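One file, input.tsv, is given below (TSV, C-alpha atoms).
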```
chain	number	residue	atom	x	y	z
T	40	ALA	CA	0.00	0.00	0.00
T	41	LEU	CA	1.38	3.39	-1.00
T	42	ILE	CA	1.48	6.07	1.69
T	43	MET	CA	0.44	9.46	0.29
T	44	ALA	CA	2.01	12.57	1.73
T	45	ASP	CA	-1.33	14.16	2.62
T	46	GLN	CA	-2.28	11.13	4.70
T	47	VAL	CA	0.43	11.77	7.25
T	48	PRO	CA	0.15	14.59	9.85
T	49	GLY	CA	2.53	17.48	9.26
T	50	SER	CA	4.74	17.22	12.32
T	51	LEU	CA	6.42	14.24	13.93
T	52	LEU	CA	4.79	15.17	17.24
T	53	GLY	CA	1.39	15.32	15.55
T	54	LEU	CA	2.02	11.93	14.01
T	55	PHE	CA	2.89	10.49	17.39
T	56	HIS	CA	-0.07	11.66	19.48
T	57	ASN	CA	-2.60	12.40	16.70
T	58	GLY	CA	-3.69	15.83	17.89
T	59	ARG	CA	-3.96	14.98	21.58
T	60	SER	CA	-1.90	16.32	24.43
T	61	LEU	CA	0.87	13.98	25.47
T	62	ALA	CA	-0.85	13.45	28.84
T	63	ASP	CA	-4.10	12.46	27.09
T	64	PHE	CA	-2.16	10.24	24.70
T	65	TRP	CA	-0.46	8.40	27.55
T	66	ARG	CA	-3.70	8.12	29.55
T	67	GLU	CA	-5.54	6.65	26.57
T	68	TRP	CA	-2.74	4.18	25.89
T	69	ALA	CA	-2.64	3.03	29.50
T	70	THR	CA	-6.40	2.58	29.84
T	71	VAL	CA	-7.80	1.94	26.35
T	72	SER	CA	-5.09	1.07	23.80
T	73	ASN	CA	-2.80	-1.15	25.87
T	74	PRO	CA	-2.57	-4.69	24.38
T	75	TRP	CA	-0.69	-6.00	27.42
T	76	ARG	CA	-3.49	-4.85	29.68
T	77	ALA	CA	-6.06	-6.26	27.26
T	78	SER	CA	-4.28	-9.62	27.39
T	79	TRP	CA	-4.31	-9.59	31.18
T	80	GLU	CA	-7.96	-8.57	31.52
T	81	ASP	CA	-9.50	-10.71	28.77
T	82	GLY	CA	-10.92	-13.22	31.26
T	83	ASP	CA	-8.93	-16.12	29.85
T	84	ASN	CA	-5.81	-16.83	31.89
T	85	THR	CA	-4.73	-19.97	30.01
T	86	ALA	CA	-1.57	-18.32	28.70
T	87	GLU	CA	-0.63	-16.94	32.12
T	88	PHE	CA	-1.11	-20.31	33.85
T	89	THR	CA	0.84	-22.09	31.09
T	90	ALA	CA	3.67	-19.57	31.39
T	91	LEU	CA	3.88	-19.98	35.18
T	92	ALA	CA	3.81	-23.79	34.90
T	93	ALA	CA	6.48	-23.72	32.18
T	94	LEU	CA	8.65	-21.33	34.22
T	95	GLY	CA	8.46	-23.73	37.17
T	96	ALA	CA	9.32	-26.66	34.88
T	97	PHE	CA	12.31	-24.85	33.37
T	98	LEU	CA	13.62	-23.88	36.81
T	99	LEU	CA	13.21	-27.46	38.07
T	100	LEU	CA	15.03	-28.72	34.98
T	101	HIS	CA	17.83	-26.25	35.66
T	102	PHE	CA	18.21	-27.37	39.27
T	103	PHE	CA	18.15	-30.99	38.10
T	104	MET	CA	20.90	-30.32	35.55
T	105	LEU	CA	22.97	-28.62	38.25
T	106	SER	CA	22.52	-31.64	40.52
T	107	VAL	CA	23.76	-34.14	37.91
T	108	ARG	CA	26.75	-32.14	36.67
T	109	LYS	CA	29.28	-34.46	38.26
T	110	TYR	CA	27.64	-37.46	36.59
T	111	VAL	CA	27.15	-36.16	33.03
T	112	GLY	CA	30.69	-34.82	32.63
T	113	GLU	CA	31.92	-32.22	30.19
T	114	PRO	CA	30.86	-30.35	28.18
T	115	LEU	CA	27.29	-30.57	29.49
T	116	ALA	CA	28.44	-30.07	33.08
T	117	SER	CA	29.79	-26.62	32.19
T	118	ARG	CA	26.59	-25.59	30.41
T	119	PRO	CA	23.60	-27.02	32.30
T	120	THR	CA	21.26	-24.62	30.49
T	121	LEU	CA	21.79	-26.35	27.13
T	122	VAL	CA	18.90	-28.82	27.50
T	123	ALA	CA	16.35	-26.11	28.32
T	124	ASN	CA	17.63	-23.95	25.48
T	125	GLN	CA	17.34	-26.82	23.01
T	126	ILE	CA	13.81	-27.66	24.16
T	127	HIS	CA	12.71	-24.04	23.78
T	128	CYS	CA	14.19	-23.22	20.39
T	129	THR	CA	13.24	-26.56	18.84
T	130	LEU	CA	9.66	-26.46	20.13
T	131	THR	CA	8.89	-22.84	19.21
T	132	SER	CA	10.56	-22.86	15.79
T	133	LEU	CA	9.02	-26.16	14.66
T	134	LEU	CA	5.61	-25.19	16.05
T	135	SER	CA	5.67	-21.93	14.09
T	136	VAL	CA	6.73	-23.77	10.92
T	137	TYR	CA	3.97	-26.36	11.42
T	138	LEU	CA	1.19	-23.83	12.00
T	139	LEU	CA	2.24	-21.45	9.23
T	140	SER	CA	2.56	-24.27	6.69
T	141	THR	CA	-0.48	-26.39	7.56
T	142	LYS	CA	-3.16	-23.97	8.77
T	143	ALA	CA	-5.13	-21.78	6.39
T	144	GLY	CA	-5.44	-19.15	9.09
T	145	ASN	CA	-9.02	-18.17	8.30
T	146	ASP	CA	-10.00	-18.77	11.93
T	147	ILE	CA	-8.10	-17.70	15.04
T	148	GLU	CA	-8.84	-21.16	16.46
T	149	ASP	CA	-6.24	-22.47	13.97
T	150	PHE	CA	-3.59	-20.68	16.01
T	151	LYS	CA	-4.79	-21.34	19.57
T	152	LEU	CA	-1.88	-23.74	20.01
T	153	TRP	CA	0.53	-20.86	19.41
T	154	GLN	CA	-1.34	-18.49	21.73
T	155	GLN	CA	-1.78	-20.95	24.60
T	156	VAL	CA	1.40	-23.03	24.28
T	157	GLY	CA	4.04	-21.47	22.02
T	158	ILE	CA	4.14	-17.92	23.37
T	159	PRO	CA	3.73	-18.81	27.09
T	160	ILE	CA	6.46	-21.46	26.98
T	161	SER	CA	8.78	-19.05	25.19
T	162	ALA	CA	8.11	-16.23	27.66
T	163	ALA	CA	8.77	-18.68	30.52
T	164	TYR	CA	12.07	-19.80	29.00
T	165	PHE	CA	13.28	-16.24	28.38
T	166	THR	CA	12.41	-15.32	31.98
T	167	ALA	CA	14.27	-18.36	33.31
T	168	ASP	CA	17.29	-17.67	31.07
T	169	ILE	CA	17.42	-14.10	32.38
T	170	LEU	CA	17.60	-15.48	35.92
T	171	TRP	CA	20.14	-18.28	35.38
T	172	TYR	CA	22.29	-16.88	32.56
T	173	CYS	CA	21.90	-13.21	31.57
T	174	ILE	CA	22.11	-11.65	35.03
T	175	PRO	CA	24.77	-13.99	36.52
T	176	ARG	CA	26.95	-13.74	33.38
T	177	GLY	CA	26.24	-10.07	32.75
T	178	ASP	CA	25.25	-10.71	29.12
T	179	MET	CA	23.33	-7.51	28.48
T	180	LEU	CA	22.82	-8.13	24.75
T	181	ILE	CA	20.97	-11.39	25.39
T	182	LEU	CA	19.09	-9.83	28.30
T	183	PHE	CA	17.94	-7.05	25.94
T	184	HIS	CA	16.96	-9.65	23.32
T	185	HIS	CA	14.88	-11.64	25.81
T	186	LEU	CA	13.04	-8.58	27.17
T	187	VAL	CA	12.20	-7.39	23.65
T	188	MET	CA	10.89	-10.85	22.70
T	189	ILE	CA	8.67	-11.11	25.78
T	190	LEU	CA	7.24	-7.59	25.44
T	191	CYS	CA	6.62	-7.75	21.70
T	192	HIS	CA	5.04	-11.21	21.52
T	193	TRP	CA	3.01	-11.49	24.72
T	194	PRO	CA	-0.07	-9.55	23.45
T	195	ALA	CA	-0.51	-12.23	20.76
T	196	SER	CA	-1.10	-14.81	23.50
T	197	SER	CA	-4.72	-13.71	23.95
T	198	MET	CA	-7.62	-12.92	21.63
T	199	ALA	CA	-8.12	-9.44	23.11
T	200	GLY	CA	-4.43	-8.50	23.01
T	201	ALA	CA	-3.95	-9.87	19.48
T	202	ALA	CA	-7.08	-8.07	18.24
T	203	MET	CA	-5.89	-4.74	19.64
T	204	ALA	CA	-2.32	-5.18	18.38
T	205	GLY	CA	-3.68	-6.18	14.97
T	206	ILE	CA	-6.20	-3.29	14.66
T	207	GLY	CA	-9.11	-5.67	15.04
T	208	ASP	CA	-7.42	-8.57	13.23
T	209	PRO	CA	-6.06	-11.10	15.77
T	210	ILE	CA	-5.07	-13.51	12.98
T	211	TRP	CA	-2.72	-10.92	11.46
T	212	CYS	CA	-1.06	-10.28	14.82
T	213	THR	CA	-0.71	-13.99	15.64
T	214	ARG	CA	0.72	-14.83	12.21
T	215	LEU	CA	3.19	-11.97	12.64
T	216	SER	CA	4.32	-13.48	15.94
T	217	MET	CA	4.79	-16.94	14.42
T	218	THR	CA	6.67	-15.53	11.43
T	219	GLY	CA	9.08	-13.79	13.76
T	220	TYR	CA	9.73	-17.05	15.59
T	221	LEU	CA	11.05	-18.65	12.41
T	222	CYS	CA	14.28	-16.96	13.48
T	223	GLU	CA	14.58	-19.51	16.29
T	224	LEU	CA	15.44	-22.17	13.68
T	225	SER	CA	19.07	-21.05	13.84
T	226	ASN	CA	19.41	-21.85	17.55
T	227	PRO	CA	19.42	-25.69	17.44
T	228	ILE	CA	22.17	-25.46	14.82
T	229	MET	CA	24.09	-23.05	17.04
T	230	ASN	CA	23.81	-25.48	19.95
T	231	TYR	CA	25.21	-28.33	17.86
T	232	ARG	CA	28.07	-26.09	16.73
T	233	TRP	CA	28.84	-25.33	20.39
T	234	TRP	CA	28.87	-29.07	21.15
T	235	LEU	CA	31.32	-29.71	18.30
T	236	ILE	CA	33.61	-26.89	19.49
T	237	GLN	CA	33.65	-28.42	22.96
T	238	THR	CA	34.17	-32.06	21.94
T	239	LEU	CA	36.18	-32.19	18.72
T	240	GLU	CA	39.91	-32.90	18.97
T	241	ARG	CA	40.60	-32.48	15.25
T	242	ASN	CA	38.97	-31.10	12.14
T	243	ARG	CA	35.88	-32.93	10.91
T	244	ALA	CA	33.60	-32.43	7.90
T	245	ASP	CA	30.43	-31.89	9.91
T	246	PHE	CA	31.99	-28.83	11.56
T	247	ALA	CA	32.21	-27.09	8.17
T	248	VAL	CA	28.71	-28.25	7.20
T	249	THR	CA	27.27	-27.00	10.50
T	250	ASN	CA	28.91	-23.60	10.09
T	251	ILE	CA	27.67	-23.24	6.51
T	252	VAL	CA	24.12	-24.12	7.56
T	253	LEU	CA	24.36	-21.78	10.56
T	254	VAL	CA	25.53	-18.84	8.44
T	255	GLY	CA	22.76	-19.59	5.96
T	256	SER	CA	20.20	-19.64	8.78
T	257	PHE	CA	21.38	-16.25	10.04
T	258	VAL	CA	21.17	-14.82	6.52
T	259	ALA	CA	17.61	-16.20	6.33
T	260	ARG	CA	16.91	-14.74	9.77
T	261	VAL	CA	17.94	-11.28	8.57
T	262	GLY	CA	15.82	-11.78	5.45
T	263	VAL	CA	12.73	-12.79	7.46
T	264	LEU	CA	13.02	-9.78	9.76
T	265	GLY	CA	13.59	-7.43	6.82
T	266	TYR	CA	10.54	-8.91	5.07
T	267	ILE	CA	8.41	-8.38	8.18
T	268	LEU	CA	9.45	-4.73	8.44
T	269	VAL	CA	9.07	-3.82	4.75
T	270	TYR	CA	6.19	-5.98	3.57
T	271	ILE	CA	4.09	-6.65	6.68
T	272	LEU	CA	4.51	-3.69	9.05
T	273	LEU	CA	5.28	-0.73	6.78
T	274	PRO	CA	2.16	-1.08	4.59
T	275	ARG	CA	-0.09	-0.81	7.67
T	276	MET	CA	1.48	2.34	9.12
T	277	VAL	CA	-1.37	4.65	8.11
T	278	GLU	CA	-3.96	2.20	9.51
T	279	PHE	CA	-2.25	2.23	12.90
T	280	ILE	CA	-2.06	6.04	12.87
T	281	GLU	CA	-5.74	6.41	11.98
T	282	ALA	CA	-6.68	3.90	14.69
T	283	LYS	CA	-4.64	5.91	17.23
T	284	LEU	CA	-2.46	2.88	17.93
T	285	VAL	CA	0.83	4.59	17.14
T	286	LEU	CA	2.63	3.35	20.25
T	287	ILE	CA	1.75	-0.26	19.44
T	288	TYR	CA	3.03	0.24	15.89
T	289	ILE	CA	6.26	1.86	17.07
T	290	GLY	CA	6.75	-1.03	19.50
T	291	ALA	CA	6.25	-3.62	16.74
T	292	VAL	CA	8.62	-1.85	14.36
T	293	MET	CA	11.29	-1.19	16.98
T	294	GLY	CA	11.07	-4.73	18.36
T	295	HIS	CA	11.70	-6.31	14.96
T	296	LEU	CA	14.31	-3.68	14.07
T	297	ILE	CA	16.24	-4.36	17.29
T	298	ILE	CA	16.27	-8.12	16.69
T	299	LEU	CA	17.30	-7.45	13.07
T	300	ILE	CA	20.23	-5.29	14.20
T	301	LEU	CA	21.29	-7.93	16.76
T	302	SER	CA	21.06	-10.66	14.11
T	303	VAL	CA	23.21	-8.68	11.68
T	304	TYR	CA	25.74	-8.11	14.47
T	305	TRP	CA	25.82	-11.81	15.41
T	306	LEU	CA	26.19	-12.76	11.73
T	307	LYS	CA	29.14	-10.38	11.46
T	308	VAL	CA	30.70	-11.89	14.59
T	309	LEU	CA	30.17	-15.41	13.26
T	310	CYS	CA	31.89	-14.60	9.97
T	311	LYS	CA	34.66	-12.35	11.29
T	312	GLY	CA	37.29	-15.08	11.09
T	313	GLY	CA	36.72	-15.57	7.37
T	314	ILE	CA	36.02	-18.69	5.30
T	315	LYS	CA	38.89	-20.69	6.78
T	316	SER	CA	37.64	-20.40	10.36
T	317	LEU	CA	34.17	-21.50	9.24
T	318	LEU	CA	35.35	-24.51	7.24
T	319	THR	CA	38.22	-25.73	9.41
T	320	PHE	CA	38.10	-26.60	13.09
T	321	GLN	CA	41.10	-25.39	15.06
T	322	PRO	CA	41.25	-27.13	18.46
T	323	GLN	CA	42.32	-24.89	21.30
T	324	PRO	CA	44.60	-25.94	24.14
T	325	LYS	CA	42.74	-27.51	27.01
T	326	GLY	CA	41.60	-24.91	29.48
T	327	LYS	CA	41.28	-22.27	26.76
T	328	GLY	CA	37.93	-21.82	25.07
T	329	ARG	CA	36.63	-25.14	26.38
T	330	GLY	CA	33.73	-25.54	28.76
T	331	GLY	CA	31.17	-22.97	29.78
T	332	PHE	CA	29.15	-20.76	27.51
T	333	GLN	CA	29.02	-17.10	26.60
T	334	PHE	CA	26.77	-16.39	23.62
T	335	GLY	CA	28.91	-13.79	21.86
T	336	THR	CA	32.19	-15.52	22.67
T	337	ASP	CA	30.99	-18.86	21.35
T	338	LEU	CA	29.85	-17.23	18.13
T	339	GLY	CA	33.29	-15.73	17.67
T	340	ARG	CA	33.41	-12.47	19.64
T	341	SER	CA	36.60	-12.00	21.59
T	342	PRO	CA	36.05	-12.65	25.31
T	343	LYS	CA	36.40	-9.76	27.72
T	344	LYS	CA	39.81	-9.53	29.30
T	345	ASN	CA	39.94	-9.90	33.03
T	346	ASN	CA	41.35	-6.91	34.87
```

Will you turn the file into structure tokens for me?
Amino acid sequence: ALIMADQVPGSLLGLFHNGRSLADFWREWATVSNPWRASWEDGDNTAEFTALAALGAFLLLHFFMLSVRKYVGEPLASRPTLVANQIHCTLTSLLSVYLLSTKAGNDIEDFKLWQQVGIPISAAYFTADILWYCIPRGDMLILFHHLVMILCHWPASSMAGAAMAGIGDPIWCTRLSMTGYLCELSNPIMNYRWWLIQTLERNRADFAVTNIVLVGSFVARVGVLGYILVYILLPRMVEFIEAKLVLIYIGAVMGHLIILILSVYWLKVLCKGGIKSLLTFQPQPKGKGRGGFQFGTDLGRSPKKNN
């Protein structure tokens, strides 16, 4: 849809609050146009209960993995969060692929599984990962990623929130959420790459194959996010302005833009060593680069030097 110049208010401030005072704009957003509040007050707490149950399950799994560290040995002992991470990224990415490819999407009931299972489990995992990884390790980039994911996708977990965030079209909002989660397809590959880095003693062909697939998945990830911004969100800008849902629109655009920027950065980090580092495994001396996990470091970013 083309956006004509006379459709857009003259000033940026006018575009933002649509002729209202900023106080009125904020008051209306907080009481009338807040999809998070709509999700909470919709009378159906299935997503909330699922998220709490999943958070408890992830925390129990984490404590279990900590308790068996001495029995499982390395490298799993140094990264007890791996199992939870693999469960989350595999479940959410495959569920989004399944629903997008098999459901016509003419009825919101087609996507109830995503609203009541996919999003709550993902929000629970991100919350747990913040508690057991991001804060203890001080990984602010991943903390930022997790908070953006929770805030941007949670409204799609309920009919009321999805309808408000989709300007009356909950199917559009829910499909948007599932499309964004296609990006999680790169994470199981990343986990396998980490396992190879920790266990290989010499170069092996599957290391090169894994890296090629991983780079391809990150390129696809950037492509998916760019497609969402240009072909799904941008054409509806005027609709959101006319519906006085500018803050929701800005949140959707900024959320996807932030994840896009992070994905481009991680792709750059992954490829910074050139073709040779991607195709050839170079074992490091024991005690250096083995064991443990730091997202950026394991992708290829230089670890912080200790003072």

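Comparing the minimum interatomic distances between Asn124 in chain T and each of T:Met229, T:Leu306, T:Val258, T:Ile147, counting only C-alpha atoms, we find that T:Met229 sits nearest.
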
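The two atoms in question, CA of Arg232 in chain T and CA of Thr249 in chain T, are spaced 6.3 Å apart.
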
Please identify every residue of range 98-197 of chain T that has at least one atom no farther than 6 Å from an atom of range 72-92 of chain T, counting all atoms listed in the file, and for each give the shortest atom pair and the distance in Å to one decimal, arranged by chain then increasing number, as a Markdown table.
```
| residue | atom | partner | partner_atom | distance |
| --- | --- | --- | --- | --- |
| T:Gln155 | CA | T:Ala86 | CA | 4.9 |
| T:Pro159 | CA | T:Ala90 | CA | 4.4 |
| T:Ile160 | CA | T:Ala90 | CA | 5.6 |
| T:Ala163 | CA | T:Ala90 | CA | 5.2 |
| T:Pro194 | CA | T:Trp75 | CA | 5.4 |
| T:Ser197 | CA | T:Ser78 | CA | 5.4 |
```

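If you measure from each of T:Ser117, T:Thr218, T:Asn230, T:Asn242 to Gly265 in chain T using all atoms listed in the file, the closest one turns out to be T:Thr218.
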
CA of Phe320 in chain T and CA of Ile236 in chain T, how far apart in Å?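 One can read the CA of Ile236 in chain T to CA of Phe320 in chain T distance as 7.8 Å.
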
Which residue out of T:Val308, T:Leu221, T:Leu273, T:Ile158 has the minimum interatomic distance to Val292 in chain T when all atoms listed in the file are used?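 Nearest to Val292 in chain T: T:Leu273.
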
Between CA of Tyr288 in chain T and CA of Val269 in chain T - distance in Å to one decimal: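 About the pair CA of Val269 in chain T and CA of Tyr288 in chain T: they are 13.3 Å apart.
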
Would you save range 160-173 of chain T to a file, keeping N, CA and C atoms, as a PDB file, in the first residue's frame?
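Here's the written file out.pdb:
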```pdb
ATOM      1  N   ILE T 160       5.252 -20.684  26.713  1.00  0.00           N
ATOM      2  CA  ILE T 160       6.463 -21.456  26.983  1.00  0.00           C
ATOM      3  C   ILE T 160       7.703 -20.629  26.655  1.00  0.00           C
ATOM      4  N   SER T 161       7.639 -19.882  25.568  1.00  0.00           N
ATOM      5  CA  SER T 161       8.776 -19.051  25.189  1.00  0.00           C
ATOM      6  C   SER T 161       9.018 -17.946  26.212  1.00  0.00           C
ATOM      7  N   ALA T 162       7.956 -17.284  26.653  1.00  0.00           N
ATOM      8  CA  ALA T 162       8.106 -16.233  27.665  1.00  0.00           C
ATOM      9  C   ALA T 162       8.687 -16.809  28.957  1.00  0.00           C
ATOM     10  N   ALA T 163       8.245 -18.020  29.310  1.00  0.00           N
ATOM     11  CA  ALA T 163       8.772 -18.675  30.516  1.00  0.00           C
ATOM     12  C   ALA T 163      10.254 -18.981  30.369  1.00  0.00           C
ATOM     13  N   TYR T 164      10.644 -19.486  29.197  1.00  0.00           N
ATOM     14  CA  TYR T 164      12.065 -19.800  28.996  1.00  0.00           C
ATOM     15  C   TYR T 164      12.921 -18.532  29.061  1.00  0.00           C
ATOM     16  N   PHE T 165      12.491 -17.474  28.375  1.00  0.00           N
ATOM     17  CA  PHE T 165      13.276 -16.241  28.378  1.00  0.00           C
ATOM     18  C   PHE T 165      13.416 -15.693  29.801  1.00  0.00           C
ATOM     19  N   THR T 166      12.344 -15.776  30.584  1.00  0.00           N
ATOM     20  CA  THR T 166      12.414 -15.320  31.978  1.00  0.00           C
ATOM     21  C   THR T 166      13.414 -16.157  32.772  1.00  0.00           C
ATOM     22  N   ALA T 167      13.342 -17.480  32.602  1.00  0.00           N
ATOM     23  CA  ALA T 167      14.270 -18.364  33.309  1.00  0.00           C
ATOM     24  C   ALA T 167      15.715 -18.103  32.870  1.00  0.00           C
ATOM     25  N   ASP T 168      15.928 -17.890  31.580  1.00  0.00           N
ATOM     26  CA  ASP T 168      17.287 -17.665  31.074  1.00  0.00           C
ATOM     27  C   ASP T 168      17.856 -16.347  31.584  1.00  0.00           C
ATOM     28  N   ILE T 169      16.985 -15.355  31.771  1.00  0.00           N
ATOM     29  CA  ILE T 169      17.422 -14.097  32.377  1.00  0.00           C
ATOM     30  C   ILE T 169      17.945 -14.347  33.789  1.00  0.00           C
ATOM     31  N   LEU T 170      17.241 -15.213  34.523  1.00  0.00           N
ATOM     32  CA  LEU T 170      17.601 -15.478  35.920  1.00  0.00           C
ATOM     33  C   LEU T 170      18.854 -16.323  36.050  1.00  0.00           C
ATOM     34  N   TRP T 171      19.016 -17.352  35.181  1.00  0.00           N
ATOM     35  CA  TRP T 171      20.139 -18.280  35.379  1.00  0.00           C
ATOM     36  C   TRP T 171      21.342 -18.014  34.466  1.00  0.00           C
ATOM     37  N   TYR T 172      21.155 -17.148  33.452  1.00  0.00           N
ATOM     38  CA  TYR T 172      22.285 -16.883  32.555  1.00  0.00           C
ATOM     39  C   TYR T 172      22.588 -15.391  32.413  1.00  0.00           C
ATOM     40  N   CYS T 173      21.614 -14.607  31.932  1.00  0.00           N
ATOM     41  CA  CYS T 173      21.899 -13.215  31.567  1.00  0.00           C
ATOM     42  C   CYS T 173      22.408 -12.393  32.739  1.00  0.00           C
TER      43      CYS T 173
END
```
